[in-house]
file start.csv (CSV, C-alpha atoms and all ligand atoms)
chain,number,residue,atom,x,y,z
A,156,MET,CA,9.7,10.4,49.8
A,157,ILE,CA,8.2,10.0,46.3
A,158,GLU,CA,5.2,7.8,45.9
A,159,VAL,CA,4.2,6.3,42.5
A,160,SER,CA,0.6,4.9,42.5
A,161,ASN,CA,-0.8,2.8,39.7
A,162,VAL,CA,1.1,4.7,36.9
A,163,GLN,CA,0.1,3.5,33.5
A,164,LYS,CA,1.4,4.7,30.1
A,165,ALA,CA,0.8,3.5,26.6
A,166,PHE,CA,2.0,4.7,23.2
A,167,ASP,CA,-0.4,4.1,20.2
A,168,GLY,CA,-2.3,1.5,22.3
A,169,ASN,CA,1.0,-0.4,23.3
A,170,PRO,CA,1.2,-0.4,27.1
A,171,VAL,CA,4.7,0.5,28.3
A,172,LEU,CA,4.0,1.1,32.0
A,173,LYS,CA,1.3,-1.3,33.3
A,174,GLY,CA,0.3,0.0,36.7
A,175,ILE,CA,3.5,0.8,38.6
A,176,ASN,CA,3.4,1.2,42.4
A,177,CYS,CA,6.6,2.0,44.2
A,178,THR,CA,8.2,4.5,46.6
A,179,PHE,CA,11.6,6.2,46.5
A,180,GLU,CA,12.9,6.8,50.0
A,181,THR,CA,14.3,10.0,51.4
A,182,GLY,CA,18.1,10.2,52.0
A,183,LYS,CA,18.7,7.0,50.0
A,184,CYS,CA,20.0,6.0,46.6
A,185,ASN,CA,16.9,4.4,45.0
A,186,LEU,CA,17.8,2.4,41.9
A,187,LEU,CA,15.4,1.8,39.0
A,188,LEU,CA,16.8,-1.4,37.6
A,189,GLY,CA,15.8,-3.3,34.5
A,190,GLY,CA,16.7,-4.4,31.0
A,191,SER,CA,16.5,-2.3,27.9
A,192,GLY,CA,13.0,-1.3,26.8
A,193,THR,CA,11.4,-2.2,30.1
A,194,GLY,CA,10.1,1.4,30.7
A,195,LYS,CA,12.7,2.9,33.1
A,196,SER,CA,13.2,6.1,31.2
A,197,VAL,CA,9.4,6.5,30.5
A,198,LEU,CA,8.8,6.1,34.2
A,199,LEU,CA,11.5,8.6,35.1
A,200,GLN,CA,10.0,11.1,32.6
A,201,CYS,CA,6.6,10.6,34.1
A,202,ILE,CA,7.9,11.3,37.6
A,203,VAL,CA,9.8,14.5,36.7
A,204,GLY,CA,6.8,15.7,34.6
A,205,LEU,CA,8.3,15.6,31.2
A,206,MET,CA,5.6,13.0,30.3
A,207,LYS,CA,2.1,12.7,31.6
A,208,PRO,CA,0.9,9.2,32.8
A,209,ASP,CA,-2.4,8.1,31.3
A,210,ILE,CA,-3.6,6.9,34.7
A,211,GLY,CA,-2.1,7.1,38.2
A,212,SER,CA,-0.4,9.7,40.4
A,213,ILE,CA,3.0,10.8,41.7
A,214,THR,CA,3.3,12.4,45.1
A,215,PHE,CA,6.4,14.3,46.4
A,216,ASP,CA,6.5,14.3,50.2
A,217,GLY,CA,2.8,14.2,50.4
A,218,THR,CA,2.0,16.8,47.7
A,219,VAL,CA,0.4,15.4,44.5
A,220,TYR,CA,2.4,16.4,41.4
A,221,THR,CA,0.3,14.8,38.6
A,222,ASN,CA,-2.6,17.0,37.4
A,223,ASN,CA,-2.1,19.5,40.2
A,224,LYS,CA,-2.2,23.3,39.9
A,225,VAL,CA,0.6,24.9,37.8
A,226,GLY,CA,2.0,26.8,40.8
A,227,ILE,CA,2.2,23.7,42.9
A,228,ARG,CA,3.8,21.7,40.1
A,229,GLN,CA,6.4,24.5,39.6
A,230,GLU,CA,7.2,24.6,43.3
A,231,ILE,CA,8.0,20.8,43.1
A,232,ARG,CA,9.8,21.2,39.8
A,233,ARG,CA,12.2,23.8,41.4
A,234,LYS,CA,13.3,21.1,43.9
A,235,ILE,CA,14.2,18.6,41.2
A,236,GLY,CA,17.8,18.2,40.0
A,237,MET,CA,18.5,16.1,37.0
A,238,LEU,CA,21.7,14.5,35.7
A,239,PHE,CA,21.0,13.7,32.1
A,240,GLN,CA,22.4,10.7,30.2
A,241,GLY,CA,25.5,12.0,28.4
A,242,SER,CA,25.6,15.0,30.9
A,243,ALA,CA,23.9,17.4,28.3
A,244,LEU,CA,26.2,20.3,29.1
A,245,PHE,CA,25.9,23.5,27.1
A,246,ASP,CA,28.9,23.3,24.8
A,247,SER,CA,29.2,27.1,24.4
A,248,MET,CA,29.4,27.8,28.1
A,249,THR,CA,32.3,27.3,30.5
A,250,VAL,CA,32.0,24.7,33.3
A,251,ALA,CA,31.2,27.4,35.8
A,252,GLU,CA,28.5,29.0,33.5
A,253,ASN,CA,26.9,25.6,33.1
A,254,VAL,CA,26.6,25.2,36.9
A,255,ALA,CA,25.3,28.8,37.2
A,256,PHE,CA,22.6,28.3,34.6
A,257,PRO,CA,19.9,26.7,36.8
A,258,LEU,CA,20.6,29.3,39.5
A,259,GLN,CA,19.9,32.1,36.9
A,260,MET,CA,16.7,30.3,35.8
A,261,LEU,CA,15.3,29.2,39.2
A,262,THR,CA,16.6,31.8,41.7
A,263,PRO,CA,16.9,35.1,39.8
A,264,GLU,CA,16.8,37.0,43.1
A,265,MET,CA,20.3,35.7,43.9
A,266,SER,CA,23.0,38.3,43.6
A,267,ALA,CA,25.9,37.7,41.2
A,268,GLU,CA,28.3,37.2,44.2
A,269,GLU,CA,26.0,34.7,45.9
A,270,ARG,CA,25.7,32.8,42.6
A,271,ARG,CA,29.5,32.8,42.2
A,272,ASP,CA,29.9,31.5,45.7
A,273,ARG,CA,27.4,28.7,45.2
A,274,VAL,CA,29.0,27.7,41.9
A,275,GLU,CA,32.4,27.6,43.5
A,276,PHE,CA,31.0,25.5,46.4
A,277,CYS,CA,29.3,23.0,44.1
A,278,LEU,CA,32.4,22.6,41.9
A,279,LYS,CA,34.5,22.1,45.0
A,280,ARG,CA,32.1,19.5,46.3
A,281,VAL,CA,32.5,17.4,43.1
A,282,GLY,CA,36.3,17.9,43.1
A,283,LEU,CA,36.4,20.3,40.2
A,284,GLU,CA,37.5,23.5,42.0
A,285,ASN,CA,40.0,24.3,39.3
A,286,ALA,CA,37.9,23.6,36.2
A,287,GLY,CA,35.4,26.4,36.3
A,288,THR,CA,37.0,28.3,33.3
A,289,LYS,CA,37.3,25.2,31.1
A,290,MET,CA,34.9,24.5,28.2
A,291,PRO,CA,33.0,21.1,28.2
A,292,ALA,CA,35.0,20.0,25.2
A,293,GLU,CA,38.2,20.3,27.3
A,294,VAL,CA,37.2,18.0,30.1
A,295,SER,CA,36.9,14.2,30.3
A,296,GLY,CA,33.7,12.1,30.4
A,297,GLY,CA,34.0,11.5,34.1
A,298,MET,CA,34.6,15.3,34.7
A,299,LYS,CA,31.5,16.1,32.5
A,300,LYS,CA,29.4,13.8,34.8
A,301,ARG,CA,30.8,15.7,37.8
A,302,VAL,CA,29.9,19.0,36.2
A,303,GLY,CA,26.4,17.6,35.6
A,304,ILE,CA,26.1,16.6,39.3
A,305,ALA,CA,27.3,20.1,40.4
A,306,ARG,CA,24.7,21.7,38.1
A,307,ALA,CA,21.9,19.4,39.4
A,308,ILE,CA,22.7,20.2,43.0
A,309,ALA,CA,23.4,23.9,42.6
A,310,PRO,CA,19.8,25.0,43.3
A,311,GLN,CA,19.9,22.8,46.5
A,312,CYS,CA,17.6,20.1,45.1
A,313,THR,CA,15.5,17.9,47.4
A,314,TYR,CA,15.1,15.3,44.7
A,315,LEU,CA,17.9,14.1,42.3
A,316,PHE,CA,17.2,12.1,39.2
A,317,CYS,CA,20.1,10.4,37.3
A,318,ASP,CA,19.6,8.6,34.0
A,319,GLU,CA,22.3,6.1,33.5
A,320,PRO,CA,25.1,8.1,35.3
A,321,ASN,CA,27.7,5.5,34.4
A,322,SER,CA,27.1,5.3,30.7
A,323,GLY,CA,30.3,5.6,28.7
A,324,LEU,CA,32.6,5.6,31.8
A,325,ASP,CA,35.3,3.0,32.7
A,326,PRO,CA,34.6,0.8,35.7
A,327,ALA,CA,36.9,2.8,38.1
A,328,THR,CA,35.4,6.2,37.1
A,329,SER,CA,31.9,4.7,37.3
A,330,ILE,CA,32.4,3.7,41.0
A,331,LYS,CA,33.8,7.2,41.8
A,332,ILE,CA,30.7,8.8,40.2
A,333,ASP,CA,28.4,6.3,42.1
A,334,ASN,CA,30.1,7.0,45.4
A,335,LEU,CA,29.9,10.8,44.8
A,336,ILE,CA,26.1,10.5,44.2
A,337,HIS,CA,25.8,8.3,47.3
A,338,GLU,CA,27.8,10.8,49.4
A,339,ILE,CA,25.8,13.8,48.2
A,340,THR,CA,22.5,12.0,48.8
A,341,HIS,CA,23.4,11.3,52.4
A,342,GLU,CA,25.1,14.6,53.1
A,343,TYR,CA,22.0,16.7,52.0
A,344,ASN,CA,19.3,14.0,52.7
A,345,ILE,CA,18.2,14.0,49.1
A,346,THR,CA,15.7,11.5,47.6
A,347,THR,CA,17.8,10.2,44.7
A,348,VAL,CA,16.5,8.0,41.9
A,349,ILE,CA,19.1,6.4,39.6
A,350,VAL,CA,18.1,4.7,36.4
A,351,THR,CA,20.6,1.9,35.7
A,352,HIS,CA,21.2,-1.5,34.3
A,353,ASP,CA,24.7,-1.7,35.9
A,354,MET,CA,25.1,-4.4,38.5
A,355,ASN,CA,28.2,-2.8,39.8
A,356,SER,CA,26.1,0.2,40.9
A,357,VAL,CA,23.6,-2.2,42.5
A,358,ILE,CA,26.3,-3.8,44.6
A,359,GLU,CA,28.0,-0.5,45.3
A,360,ILE,CA,25.1,1.9,46.2
A,361,GLY,CA,21.8,0.0,45.9
A,362,GLU,CA,20.1,1.0,49.2
A,363,HIS,CA,16.7,0.5,47.7
A,364,ILE,CA,16.3,-1.2,44.3
A,365,ILE,CA,13.2,-1.4,42.2
A,366,PHE,CA,13.3,-4.0,39.4
A,367,LEU,CA,11.1,-3.3,36.4
A,368,TYR,CA,10.2,-6.0,33.8
A,369,GLU,CA,8.0,-5.4,30.8
A,370,GLY,CA,6.4,-2.3,32.4
A,371,GLN,CA,5.8,-3.9,35.8
A,372,LYS,CA,7.5,-3.8,39.1
A,373,LEU,CA,8.5,-7.4,39.8
A,374,TRP,CA,10.6,-6.8,43.0
A,375,ASP,CA,12.0,-4.3,45.3
A,376,GLY,CA,14.6,-4.6,48.1
A,377,THR,CA,18.2,-3.9,49.0
A,378,LYS,CA,21.6,-4.8,47.6
A,379,ASP,CA,22.0,-7.3,50.5
A,380,GLU,CA,18.8,-9.1,49.5
A,381,ILE,CA,19.1,-9.0,45.7
A,382,LEU,CA,21.6,-11.9,45.3
A,383,ASN,CA,19.2,-14.3,47.0
A,384,VAL,CA,15.9,-13.5,45.3
A,385,GLU,CA,13.7,-16.1,43.8
A,386,VAL,CA,12.1,-14.1,41.1
A,387,PRO,CA,13.1,-15.9,37.8
A,388,GLU,CA,13.2,-12.7,35.6
A,389,LEU,CA,15.4,-10.9,38.2
A,390,LYS,CA,17.7,-13.9,38.6
A,391,GLU,CA,18.1,-14.1,34.9
A,392,PHE,CA,18.9,-10.3,34.8
A,393,ILE,CA,21.5,-10.2,37.6
A,394,PHE,CA,23.2,-13.5,36.9
A,395,SER,CA,23.7,-12.8,33.2
A,396,SER,CA,27.1,-11.4,34.4
A,397,SER,CA,29.8,-14.0,35.2
A,398,LEU,CA,31.3,-11.5,37.7
A,399,VAL,CA,28.0,-11.4,39.7
A,400,ARG,CA,27.8,-15.2,39.6
A,401,ALA,CA,31.4,-15.3,41.1
A,402,ALA,CA,30.5,-12.7,43.7
A,403,LYS,CA,27.5,-14.7,44.8
A,404,ARG,CA,29.7,-17.8,45.2
A,405,VAL,CA,32.1,-15.8,47.4
A,406,ASP,CA,29.1,-14.5,49.4
A,407,ASP,CA,27.7,-18.0,49.9
A,408,GLU,CA,31.1,-19.2,51.1
A,409,GLY,CA,31.3,-16.6,53.7
A,410,GLY,CA,33.5,-14.2,51.8
A,411,LEU,CA,36.6,-16.3,52.4
A,412,ALA,CA,36.9,-18.1,49.1
A,413,ALA,CA,38.8,-16.8,46.2
A,414,ILE,CA,36.7,-15.6,43.3
A,415,THR,CA,36.5,-18.5,41.0
A,416,ASP,CA,34.7,-19.3,37.8
A,417,GLU,CA,32.1,-22.1,37.5
A,418,GLN,CA,34.8,-24.7,37.1
A,419,GLY,CA,36.6,-23.6,40.2
A,420,ALA,CA,39.5,-21.9,38.4
A,421,ASN,CA,40.7,-18.5,39.8
A,422,ILE,CA,39.7,-15.5,37.9
A,501,LIG,N1,7.9,8.9,23.1
A,501,LIG,C1,7.7,7.6,22.9
A,501,LIG,N2,6.9,7.2,21.9
A,501,LIG,C2,6.6,5.9,21.6
A,501,LIG,N3,7.2,4.9,22.3
A,501,LIG,C3,8.0,5.2,23.2
A,501,LIG,C4,8.4,6.5,23.6
A,501,LIG,N4,9.3,6.5,24.6
A,501,LIG,C5,9.5,5.2,24.9
A,501,LIG,N5,8.8,4.4,24.1
A,501,LIG,C6,8.7,2.9,24.1
A,501,LIG,O1,8.6,2.5,25.5
A,501,LIG,C7,9.3,1.4,25.7
A,501,LIG,C8,10.2,1.6,27.0
A,501,LIG,O2,11.1,2.6,26.7
A,501,LIG,P1,12.2,3.2,27.7
A,501,LIG,O3,13.0,4.2,27.0
A,501,LIG,O4,11.5,3.6,29.0
A,501,LIG,O5,13.1,1.9,28.0
A,501,LIG,P2,14.3,1.8,29.0
A,501,LIG,O6,13.9,0.8,30.1
A,501,LIG,O7,14.7,3.1,29.5
A,501,LIG,O8,15.4,1.1,28.1
A,501,LIG,P3,17.0,1.5,28.0
A,501,LIG,O9,17.7,0.7,29.1
A,501,LIG,O10,17.4,0.9,26.7
A,501,LIG,O11,17.2,3.0,28.1
A,501,LIG,C9,10.1,1.1,24.5
A,501,LIG,O12,9.5,0.0,23.8
A,501,LIG,C10,10.1,2.4,23.7
A,501,LIG,O13,10.1,2.1,22.3
A,502,MG,MG,16.4,4.4,29.2
call {"tool": "encode", "arguments": {"input": "start.csv", "output": "structure tokens", "more": "lines below"}}
Ligand SMILES: Nc1ncnc2c1ncn2[C@@H]1O[C@H](COP(=O)(O)OP(=O)(O)OP(=O)(O)O)[C@@H](O)[C@H]1O
Ligand SMILES: [Mg+2]
result
Amino acid sequence: MIEVSNVQKAFDGNPVLKGINCTFETGKCNLLLGGSGTGKSVLLQCIVGLMKPDIGSITFDGTVYTNNKVGIRQEIRRKIGMLFQGSALFDSMTVAENVAFPLQMLTPEMSAEERRDRVEFCLKRVGLENAGTKMPAEVSGGMKKRVGIARAIAPQCTYLFCDEPNSGLDPATSIKIDNLIHEITHEYNITTVIVTHDMNSVIEIGEHIIFLYEGQKLWDGTKDEILNVEVPELKEFIFSSSLVRAAKRVDDEGGLAAITDEQGANI
């Protein structure tokens, strides 16, 4: 479990995070949800240590990360896997070399054969067993995300952070990527944090959702609770999509009604 306590961050006197308190649960997909500019990426960067909070602390399974000794911070850092927005693969390396990269950096004691086996295992786990020799430019956007996931889990991470894993993907591929992250989270009991503003992901894999608004946490709960919340800012956010409004009507009518628009026409 990751615990965030009173995290505050300002840039040039402008507060961006205004005292965030939240927890990310082990073995679950924890979604950090919110509109553009609400501080999701800043919070994520504070948690993984790429940015330092002005005030507050972050604890990983009981060990304080913020302002702790370098050795302790490094130990936690080794357990963090990160799927970057846009995948951020190394263009000049093959798919397999990309997945091997964190192993070379983090576990230099691994033999070349062990490394090869681990890369093969991770590529197989994300359904890319035949793509190891391809270059990133030769694979699709969805495949790049899969390579990014394989690279993130290669060093057997305990914590997995994904910044907008669906950006740039079509809806069907997005759901496949969401489901893959969900499966891996449960299979390896990882604490997964996914930054998103995609309501499809919320409905699909939102086991624990934290809603940020103007640098504050306004709500947290599950995908089953989110459609019935009474927080005006969250309602405005989730029901800005007509598909979600339609889904709620189906839900209210016991799941039997056809999906209709506000006037009752089938959509
Ligand atoms: N390094 C920085 N220096 C100054 N301001 C920053 C910096 N990083 C972020 N900000 C500001 O902090 C605010 C929150 O940014 P953040 O990137 O966290 O938003 P976000 O919720 O991730 O939005 P999006 O959904 O568009 O990615 C923005 O107003 C942004 O301009
Ligand atoms: Mg962002």
call {"tool": "residues_near_ligand", "arguments": {"input": "start.csv", "ligand": "ligand LIG 501 (chain A)", "cutoff": "6 Å", "atoms": "only C-alpha atoms and all ligand atoms", "output": "PyMOL selection string"}}
result
chain A and resi 166+171+190-197
call {"tool": "residues_near_ligand", "arguments": {"input": "start.csv", "ligand": "ligand MG 502 (chain A)", "cutoff": "12 Å", "atoms": "only C-alpha atoms and all ligand atoms", "output": "number ranges by chain"}}
result
A: 187-200, 239-241, 317-320, 322, 349-352, 367
call {"tool": "residues_around", "arguments": {"input": "start.csv", "residues": "A:Phe179", "least_positions_apart": "3", "cutoff": "7 Å", "atoms": "all atoms listed in the file", "output": "list of chain:residue names"}}
result
A:Met156, A:Ile157, A:Glu158, A:Asn185, A:Thr346, A:Val348
call {"tool": "closest_residue", "arguments": {"input": "start.csv", "among": "A:Arg404, A:Thr214, A:Glu284, A:Ala307", "to": "A:Ala255", "atoms": "only C-alpha atoms"}}
result
A:Ala307
call {"tool": "residues_around", "arguments": {"input": "start.csv", "residues": "A:Met354", "least_positions_apart": "3", "cutoff": "9 Å", "atoms": "all atoms listed in the file", "output": "ChimeraX atom specification"}}
result
/A:188,351,357-359,393,396,399
call {"tool": "write_last_selection", "arguments": {"input": "start.csv", "atoms": "C-alpha atoms", "output": "PDB file, in the frame of the given file"}}
result
ATOM      1  CA  LEU A 188      16.800  -1.400  37.600  1.00  0.00           C
ATOM      2  CA  THR A 351      20.600   1.900  35.700  1.00  0.00           C
ATOM      3  CA  VAL A 357      23.600  -2.200  42.500  1.00  0.00           C
ATOM      4  CA  ILE A 358      26.300  -3.800  44.600  1.00  0.00           C
ATOM      5  CA  GLU A 359      28.000  -0.500  45.300  1.00  0.00           C
ATOM      6  CA  ILE A 393      21.500 -10.200  37.600  1.00  0.00           C
ATOM      7  CA  SER A 396      27.100 -11.400  34.400  1.00  0.00           C
ATOM      8  CA  VAL A 399      28.000 -11.400  39.700  1.00  0.00           C
TER       9      VAL A 399
END
call {"tool": "atom_distance", "arguments": {"input": "start.csv", "atom1": "atom CA of A:Pro310", "atom2": "atom CA of A:Ile235"}}
result
8.8 Å
call {"tool": "closest_residue", "arguments": {"input": "start.csv", "among": "A:Ile381, A:Ile336, A:Leu258, A:Ala305", "to": "A:Arg280", "atoms": "only C-alpha atoms"}}
result
A:Ala305
call {"tool": "residues_around", "arguments": {"input": "start.csv", "residues": "A:Lys299", "least_positions_apart": "5", "cutoff": "8 Å", "atoms": "only C-alpha atoms", "output": "count of residues only"}}
result
4
call {"tool": "atom_distance", "arguments": {"input": "start.csv", "atom1": "atom CA of A:Arg232", "atom2": "atom CA of A:Asp246"}}
result
24.4 Å
call {"tool": "atom_distance", "arguments": {"input": "start.csv", "atom1": "atom CA of A:Ala402", "atom2": "atom CA of A:Glu388"}}
result
19.1 Å
call {"tool": "decode", "arguments": {"input": "start.csv", "residues": "stretch 283-346 of chain A", "atoms": "C-alpha atoms", "output": "short mmCIF file (atom, residue, chain, number, x, y, z; two decimals), in the first residue's frame"}}
result
data_model
loop_
_atom_site.label_atom_id
_atom_site.label_comp_id
_atom_site.auth_asym_id
_atom_site.auth_seq_id
_atom_site.Cartn_x
_atom_site.Cartn_y
_atom_site.Cartn_z
CA LEU A 283 4.41 -10.24 -27.96
CA GLU A 284 6.47 -13.42 -27.98
CA ASN A 285 7.31 -12.99 -31.67
CA ALA A 286 8.15 -9.29 -31.66
CA GLY A 287 11.46 -9.25 -29.78
CA THR A 288 13.62 -8.53 -32.82
CA LYS A 289 11.42 -5.73 -34.17
CA MET A 290 12.33 -2.07 -33.82
CA PRO A 291 9.83 0.27 -32.04
CA ALA A 292 9.14 2.04 -35.37
CA GLU A 293 7.92 -1.27 -36.81
CA VAL A 294 5.19 -1.92 -34.19
CA SER A 295 1.75 -0.35 -33.66
CA GLY A 296 0.78 2.06 -30.85
CA GLY A 297 -0.98 -0.71 -28.89
CA MET A 298 2.07 -2.97 -29.26
CA LYS A 299 4.33 -0.15 -28.04
CA LYS A 300 2.20 0.09 -24.88
CA ARG A 301 2.58 -3.67 -24.43
CA VAL A 302 6.35 -3.36 -24.78
CA GLY A 303 6.21 -0.52 -22.21
CA ILE A 304 4.27 -2.78 -19.82
CA ALA A 305 6.75 -5.67 -20.37
CA ARG A 306 9.63 -3.29 -19.66
CA ALA A 307 7.93 -1.96 -16.51
CA ILE A 308 7.31 -5.42 -15.05
CA ALA A 309 10.64 -6.97 -16.16
CA PRO A 310 12.43 -6.24 -12.85
CA GLN A 311 9.46 -7.78 -10.95
CA CYS A 312 8.07 -4.50 -9.74
CA THR A 313 5.97 -4.19 -6.57
CA TYR A 314 4.53 -0.84 -7.63
CA LEU A 315 3.41 0.01 -11.16
CA PHE A 316 2.68 3.56 -12.32
CA CYS A 317 0.97 4.22 -15.64
CA ASP A 318 0.52 7.76 -16.94
CA GLU A 319 -2.41 7.84 -19.37
CA PRO A 320 -1.89 4.29 -20.70
CA ASN A 321 -4.70 4.73 -23.25
CA SER A 322 -3.64 7.98 -24.84
CA GLY A 323 -3.61 7.70 -28.61
CA LEU A 324 -5.26 4.26 -28.73
CA ASP A 325 -8.60 3.29 -30.27
CA PRO A 326 -11.35 2.21 -27.79
CA ALA A 327 -10.98 -1.55 -28.42
CA THR A 328 -7.18 -1.48 -28.00
CA SER A 329 -7.58 0.75 -24.93
CA ILE A 330 -9.78 -1.86 -23.25
CA LYS A 331 -7.25 -4.61 -24.07
CA ILE A 332 -4.44 -2.55 -22.52
CA ASP A 333 -6.61 -1.76 -19.46
CA ASN A 334 -7.43 -5.44 -19.03
CA LEU A 335 -3.79 -6.45 -19.41
CA ILE A 336 -2.76 -4.00 -16.67
CA HIS A 337 -5.62 -5.27 -14.50
CA GLU A 338 -4.64 -8.93 -15.00
CA ILE A 339 -0.96 -8.29 -14.27
CA THR A 340 -1.87 -6.29 -11.14
CA HIS A 341 -3.85 -9.22 -9.74
CA GLU A 342 -1.50 -11.95 -10.94
CA TYR A 343 1.55 -10.44 -9.21
CA ASN A 344 -0.30 -8.55 -6.42
CA ILE A 345 1.12 -5.21 -7.57
CA THR A 346 0.06 -1.80 -6.23
#
